[in-house]
$ cat my_file-v3.pdb   # PDB, C-alpha atoms
ATOM      1  CA  MET A  22      -8.047 -23.354  13.145  1.00  0.00           C
ATOM      2  CA  THR A  23      -4.497 -21.999  13.150  1.00  0.00           C
ATOM      3  CA  ILE A  24      -2.960 -18.692  12.186  1.00  0.00           C
ATOM      4  CA  ASP A  25      -2.300 -20.204   8.734  1.00  0.00           C
ATOM      5  CA  ASP A  26      -6.080 -20.617   8.272  1.00  0.00           C
ATOM      6  CA  VAL A  27      -6.854 -17.001   9.181  1.00  0.00           C
ATOM      7  CA  ASP A  28      -6.772 -13.993   6.897  1.00  0.00           C
ATOM      8  CA  GLY A  29      -4.665 -11.127   8.222  1.00  0.00           C
ATOM      9  CA  ASP A  30      -1.613 -10.915  10.423  1.00  0.00           C
ATOM     10  CA  GLY A  31      -3.054  -9.179  13.481  1.00  0.00           C
ATOM     11  CA  THR A  32      -1.778  -5.689  12.716  1.00  0.00           C
ATOM     12  CA  PRO A  33      -3.839  -2.493  12.364  1.00  0.00           C
ATOM     13  CA  THR A  34      -3.264  -2.450   8.596  1.00  0.00           C
ATOM     14  CA  ASN A  35      -3.956  -6.182   8.160  1.00  0.00           C
ATOM     15  CA  PRO A  36      -6.207  -7.353  11.031  1.00  0.00           C
ATOM     16  CA  TRP A  37      -7.223 -10.958  11.604  1.00  0.00           C
ATOM     17  CA  LYS A  38     -10.613 -11.714  10.083  1.00  0.00           C
ATOM     18  CA  LEU A  39     -12.402 -13.979  12.549  1.00  0.00           C
ATOM     19  CA  ARG A  40     -15.829 -15.296  13.523  1.00  0.00           C
ATOM     20  CA  THR A  41     -17.443 -15.642  16.942  1.00  0.00           C
ATOM     21  CA  PRO A  42     -17.490 -19.223  18.295  1.00  0.00           C
ATOM     22  CA  PRO A  43     -21.021 -20.037  17.010  1.00  0.00           C
ATOM     23  CA  GLY A  44     -19.943 -18.653  13.626  1.00  0.00           C
ATOM     24  CA  THR A  45     -22.843 -16.189  13.545  1.00  0.00           C
ATOM     25  CA  SER A  46     -20.833 -12.945  13.429  1.00  0.00           C
ATOM     26  CA  SER A  47     -17.603 -11.881  11.805  1.00  0.00           C
ATOM     27  CA  PHE A  48     -15.151  -9.380  13.255  1.00  0.00           C
ATOM     28  CA  GLU A  49     -11.609  -8.113  12.871  1.00  0.00           C
ATOM     29  CA  ALA A  50      -8.955  -8.038  15.574  1.00  0.00           C
ATOM     30  CA  TYR A  51      -5.405  -6.798  15.909  1.00  0.00           C
ATOM     31  CA  ARG A  52      -2.735  -6.147  18.488  1.00  0.00           C
ATOM     32  CA  ALA A  53      -2.036  -2.511  19.371  1.00  0.00           C
ATOM     33  CA  PRO A  54       1.083  -2.787  21.593  1.00  0.00           C
ATOM     34  CA  ASP A  55       1.772   0.961  21.381  1.00  0.00           C
ATOM     35  CA  ALA A  56      -1.701   1.933  22.642  1.00  0.00           C
ATOM     36  CA  ASP A  57      -2.027   3.246  26.195  1.00  0.00           C
ATOM     37  CA  PRO A  58      -2.586   0.720  27.668  1.00  0.00           C
ATOM     38  CA  PRO A  59      -1.497  -1.890  25.100  1.00  0.00           C
ATOM     39  CA  ALA A  60      -4.657  -3.391  23.626  1.00  0.00           C
ATOM     40  CA  LEU A  61      -6.249  -6.154  21.660  1.00  0.00           C
ATOM     41  CA  VAL A  62      -8.557  -4.166  19.392  1.00  0.00           C
ATOM     42  CA  VAL A  63     -11.746  -5.818  18.130  1.00  0.00           C
ATOM     43  CA  GLN A  64     -13.769  -4.174  15.367  1.00  0.00           C
ATOM     44  CA  VAL A  65     -17.364  -5.408  15.046  1.00  0.00           C
ATOM     45  CA  GLY A  66     -19.053  -3.406  12.323  1.00  0.00           C
ATOM     46  CA  THR A  67     -18.766   0.215  13.471  1.00  0.00           C
ATOM     47  CA  THR A  68     -18.194  -0.741  17.123  1.00  0.00           C
ATOM     48  CA  GLN A  69     -14.662  -0.963  18.474  1.00  0.00           C
ATOM     49  CA  LEU A  70     -13.924  -2.899  21.648  1.00  0.00           C
ATOM     50  CA  ARG A  71     -10.561  -2.931  23.395  1.00  0.00           C
ATOM     51  CA  TYR A  72      -9.188  -5.443  25.853  1.00  0.00           C
ATOM     52  CA  HIS A  73      -5.900  -5.408  27.742  1.00  0.00           C
ATOM     53  CA  LEU A  74      -3.393  -6.972  25.333  1.00  0.00           C
ATOM     54  CA  SER A  75      -2.191  -9.229  28.145  1.00  0.00           C
ATOM     55  CA  CYS A  76      -5.548 -11.059  27.900  1.00  0.00           C
ATOM     56  CA  ILE A  77      -4.075 -13.354  25.243  1.00  0.00           C
ATOM     57  CA  GLU A  78      -1.238 -14.675  27.405  1.00  0.00           C
ATOM     58  CA  ASP A  79      -3.234 -14.478  30.645  1.00  0.00           C
ATOM     59  CA  LEU A  80      -6.199 -16.457  29.300  1.00  0.00           C
ATOM     60  CA  HIS A  81      -3.882 -19.072  27.803  1.00  0.00           C
ATOM     61  CA  ALA A  82      -1.993 -19.446  31.105  1.00  0.00           C
ATOM     62  CA  MET A  83      -5.255 -19.815  33.045  1.00  0.00           C
ATOM     63  CA  LEU A  84      -6.502 -22.480  30.620  1.00  0.00           C
ATOM     64  CA  VAL A  85      -3.196 -24.366  30.824  1.00  0.00           C
ATOM     65  CA  GLY A  86      -3.499 -24.332  34.611  1.00  0.00           C
ATOM     66  CA  LYS A  87      -7.098 -25.557  34.430  1.00  0.00           C
ATOM     67  CA  GLY A  88      -6.119 -28.378  32.083  1.00  0.00           C
ATOM     68  CA  ASP A  89      -9.645 -29.056  30.831  1.00  0.00           C
ATOM     69  CA  TRP A  90     -12.530 -27.581  28.867  1.00  0.00           C
ATOM     70  CA  MET A  91     -14.063 -24.363  30.196  1.00  0.00           C
ATOM     71  CA  PRO A  92     -17.460 -22.960  29.147  1.00  0.00           C
ATOM     72  CA  LEU A  93     -17.328 -19.592  27.381  1.00  0.00           C
ATOM     73  CA  GLY A  94     -20.439 -18.017  28.939  1.00  0.00           C
ATOM     74  CA  ASN A  95     -20.734 -14.979  26.652  1.00  0.00           C
ATOM     75  CA  ALA A  96     -22.509 -11.995  28.228  1.00  0.00           C
ATOM     76  CA  ASP A  97     -22.864  -8.272  27.663  1.00  0.00           C
ATOM     77  CA  GLU A  98     -21.339  -6.016  30.300  1.00  0.00           C
ATOM     78  CA  GLN A  99     -24.737  -5.189  31.795  1.00  0.00           C
ATOM     79  CA  LYS A 100     -25.564  -8.878  32.376  1.00  0.00           C
ATOM     80  CA  PRO A 101     -23.964 -11.120  34.991  1.00  0.00           C
ATOM     81  CA  ALA A 102     -21.560 -13.791  33.774  1.00  0.00           C
ATOM     82  CA  ALA A 103     -22.143 -17.372  34.886  1.00  0.00           C
ATOM     83  CA  GLU A 104     -19.603 -18.581  37.446  1.00  0.00           C
ATOM     84  CA  GLY A 105     -16.844 -20.814  36.152  1.00  0.00           C
ATOM     85  CA  THR A 106     -16.917 -19.398  32.618  1.00  0.00           C
ATOM     86  CA  VAL A 107     -14.327 -17.600  30.515  1.00  0.00           C
ATOM     87  CA  GLU A 108     -16.554 -14.505  30.616  1.00  0.00           C
ATOM     88  CA  ALA A 109     -16.642 -14.540  34.434  1.00  0.00           C
ATOM     89  CA  TRP A 110     -12.855 -14.961  34.581  1.00  0.00           C
ATOM     90  CA  GLY A 111     -12.466 -11.971  32.203  1.00  0.00           C
ATOM     91  CA  ARG A 112     -14.255  -9.797  34.807  1.00  0.00           C
ATOM     92  CA  SER A 113     -12.947 -11.334  38.022  1.00  0.00           C
ATOM     93  CA  ASP A 114     -10.971  -9.478  40.670  1.00  0.00           C
ATOM     94  CA  ALA A 115      -8.857 -12.661  40.854  1.00  0.00           C
ATOM     95  CA  ASN A 116      -7.555 -12.465  37.255  1.00  0.00           C
ATOM     96  CA  PRO A 117      -4.105 -10.936  36.553  1.00  0.00           C
ATOM     97  CA  VAL A 118      -5.488  -7.427  35.833  1.00  0.00           C
ATOM     98  CA  GLY A 119      -7.725  -7.509  38.917  1.00  0.00           C
ATOM     99  CA  GLY A 120     -11.022  -6.989  37.127  1.00  0.00           C
ATOM    100  CA  TRP A 121     -12.352  -6.264  33.660  1.00  0.00           C
ATOM    101  CA  TYR A 122     -10.072  -6.961  30.694  1.00  0.00           C
ATOM    102  CA  GLY A 123     -12.370  -4.700  28.664  1.00  0.00           C
ATOM    103  CA  LEU A 124     -11.042  -1.156  28.608  1.00  0.00           C
ATOM    104  CA  LYS A 125     -14.080   1.003  27.795  1.00  0.00           C
ATOM    105  CA  LYS A 126     -17.030   1.126  30.173  1.00  0.00           C
ATOM    106  CA  GLY A 127     -20.164   0.022  28.368  1.00  0.00           C
ATOM    107  CA  LEU A 128     -18.127  -2.126  25.966  1.00  0.00           C
ATOM    108  CA  ARG A 129     -16.239  -4.323  28.435  1.00  0.00           C
ATOM    109  CA  GLY A 130     -18.353  -7.450  28.043  1.00  0.00           C
ATOM    110  CA  ARG A 131     -18.386 -10.112  25.363  1.00  0.00           C
ATOM    111  CA  PHE A 132     -14.818 -11.096  26.303  1.00  0.00           C
ATOM    112  CA  ALA A 133     -15.759 -14.750  25.650  1.00  0.00           C
ATOM    113  CA  SER A 134     -17.118 -13.906  22.191  1.00  0.00           C
ATOM    114  CA  TYR A 135     -14.040 -12.192  20.822  1.00  0.00           C
ATOM    115  CA  VAL A 136     -10.904 -13.286  22.699  1.00  0.00           C
ATOM    116  CA  PRO A 137     -11.197 -17.104  22.344  1.00  0.00           C
ATOM    117  CA  PRO A 138     -11.157 -16.957  18.510  1.00  0.00           C
ATOM    118  CA  VAL A 139      -7.912 -14.957  18.730  1.00  0.00           C
ATOM    119  CA  LEU A 140      -6.321 -17.662  20.895  1.00  0.00           C
ATOM    120  CA  GLU A 141      -7.584 -20.286  18.484  1.00  0.00           C
ATOM    121  CA  ALA A 142      -6.128 -18.429  15.493  1.00  0.00           C
ATOM    122  CA  LEU A 143      -2.783 -18.200  17.290  1.00  0.00           C
ATOM    123  CA  GLY A 144      -2.796 -21.942  17.909  1.00  0.00           C
ATOM    124  CA  LEU A 145      -3.051 -21.493  21.688  1.00  0.00           C
ATOM    125  CA  ALA A 146      -6.517 -22.951  22.230  1.00  0.00           C
ATOM    126  CA  GLU A 147      -9.204 -25.193  20.834  1.00  0.00           C
ATOM    127  CA  VAL A 148     -12.671 -23.614  20.689  1.00  0.00           C
ATOM    128  CA  GLU A 149     -15.970 -25.385  20.072  1.00  0.00           C
ATOM    129  CA  HIS A 150     -18.211 -23.945  17.345  1.00  0.00           C
ATOM    130  CA  GLY A 151     -21.736 -25.134  18.150  1.00  0.00           C
ATOM    131  CA  ALA A 152     -24.853 -22.984  18.140  1.00  0.00           C
ATOM    132  CA  ARG A 153     -24.785 -22.658  21.969  1.00  0.00           C
ATOM    133  CA  ASN A 154     -22.849 -23.546  25.102  1.00  0.00           C
ATOM    134  CA  ASN A 155     -19.392 -23.542  23.510  1.00  0.00           C
ATOM    135  CA  ARG A 156     -16.232 -24.292  25.450  1.00  0.00           C
ATOM    136  CA  MET A 157     -12.493 -23.855  25.030  1.00  0.00           C
ATOM    137  CA  ARG A 158      -9.296 -25.419  26.291  1.00  0.00           C
ATOM    138  CA  ALA A 159      -5.596 -24.714  25.957  1.00  0.00           C
ATOM    139  CA  ILE A 160      -3.459 -26.475  23.393  1.00  0.00           C
TER     140      ILE A 160
END
$ encode --input "my_file-v3.pdb" --output "structure tokens"
Amino acid sequence: MTIDDVDGDGTPTNPWKLRTPPGTSSFEAYRAPDADPPALVVQVGTTQLRYHLSCIEDLHAMLVGKGDWMPLGNADEQKPAAEGTVEAWGRSDANPVGGWYGLKKGLRGRFASYVPPVLEALGLAEVEHGARNNRMRAI
């Protein structure tokens, strides 16, 4: 998938229309650079999640450095993330923001459900779309 295959342009008035990696849920996402802090906003039904906007570039850079496939490891905030997964990296004290990319307590998880499709749409990553155990890698 590339940005040409995705509806929307990633703005609040014309968000990207995306699907989670297994393809089971649809959501919208857009960049909000003027938010405090700047955010990647994800709208899932009536629920809005926000992640540090830098997650796009930071995740891509980490994947480039890794140079191989990485499991997604989706998990809600209240559940532990499996080590070595994108979800665990999105919560790690060792990532560039020093912890959770999610901005609102209670809605900080599911990083690996919503951010990888954004990178894929931007042409920065390849994401698998199986029923379970999906992975991603940088392009």
$ residues_around --input "my_file-v3.pdb" --residues "range 114-119 of chain A" --least-positions-apart "3" --cutoff "10 Å" --atoms "only C-alpha atoms" --output "NGL selection string"
:A and (73 or 75-76 or 79-80 or 83 or 109-111 or 122)
$ residues_around --input "my_file-v3.pdb" --residues "Thr41 in chain A" --least-positions-apart "2" --cutoff "9 Å" --atoms "only C-alpha atoms" --output "ChimeraX atom specification"
/A:39,43-48,133-135,137-138,150
$ closest_residue --input "my_file-v3.pdb" --among "A:Ala103, A:Lys125, A:Thr32, A:Arg156" --to "Glu141 in chain A" --atoms "all atoms listed in the file"
A:Arg156
$ atom_distance --input "my_file-v3.pdb" --atom1 "CA of Pro54 in chain A" --atom2 "CA of Leu74 in chain A"
7.2 Å
$ resolve_selection --input "my_file-v3.pdb" --expression "the PyMOL selection byres ((chain A and resi 94) around 10)" --output "PyMOL selection string"
chain A and resi 91-93+95-96+101-110+131-134+153-156
$ closest_residue --input "my_file-v3.pdb" --among "A:Glu49, A:Glu98, A:Asp28, A:Asp89" --to "Met157 in chain A" --atoms "all atoms listed in the file"
A:Asp89
$ resolve_selection --input "my_file-v3.pdb" --expression "the PyMOL selection byres ((chain A and resi 30) around 12)" --output "list in words"
Thr23, Ile24, Asp25, Asp26, Val27, Asp28, Gly29, Gly31, Thr32, Pro33, Thr34, Asn35, Pro36, Trp37, Lys38, Leu39, Glu49, Ala50, Tyr51, Arg52, Val139, Ala142 and Leu143 of chain A
$ atom_distance --input "my_file-v3.pdb" --atom1 "CA of Gly130 in chain A" --atom2 "CA of Ala56 in chain A"
19.9 Å
$ resolve_selection --input "my_file-v3.pdb" --expression "the PyMOL selection byres ((chain A and resi 127) around 12)" --output "VMD selection string"
chain A and resid 68 to 71 97 to 100 121 123 to 126 128 to 131
$ axis_aligned_box --input "my_file-v3.pdb" --around "range 68-78 of chain A" --padding-each-side "5 Å" --output "JSON"
{"center_x": -9.7, "center_y": -7.7, "center_z": 22.6, "size_x": 27.0, "size_y": 23.9, "size_z": 21.0}
$ atom_distance --input "my_file-v3.pdb" --atom1 "CA of Val85 in chain A" --atom2 "CA of Ser113 in chain A"
17.8 Å
$ closest_residue --input "my_file-v3.pdb" --among "A:Arg112, A:Tyr72, A:His81, A:Trp90" --to "Asp57 in chain A" --atoms "only C-alpha atoms"
A:Tyr72
$ closest_residue --input "my_file-v3.pdb" --among "A:Val65, A:Leu84, A:Val136, A:Ala60" --to "Ala159 in chain A" --atoms "all atoms listed in the file"
A:Leu84
$ closest_residue --input "my_file-v3.pdb" --among "A:Ala146, A:Ile77, A:Ala82, A:Val63" --to "Arg40 in chain A" --atoms "all atoms listed in the file"
A:Val63
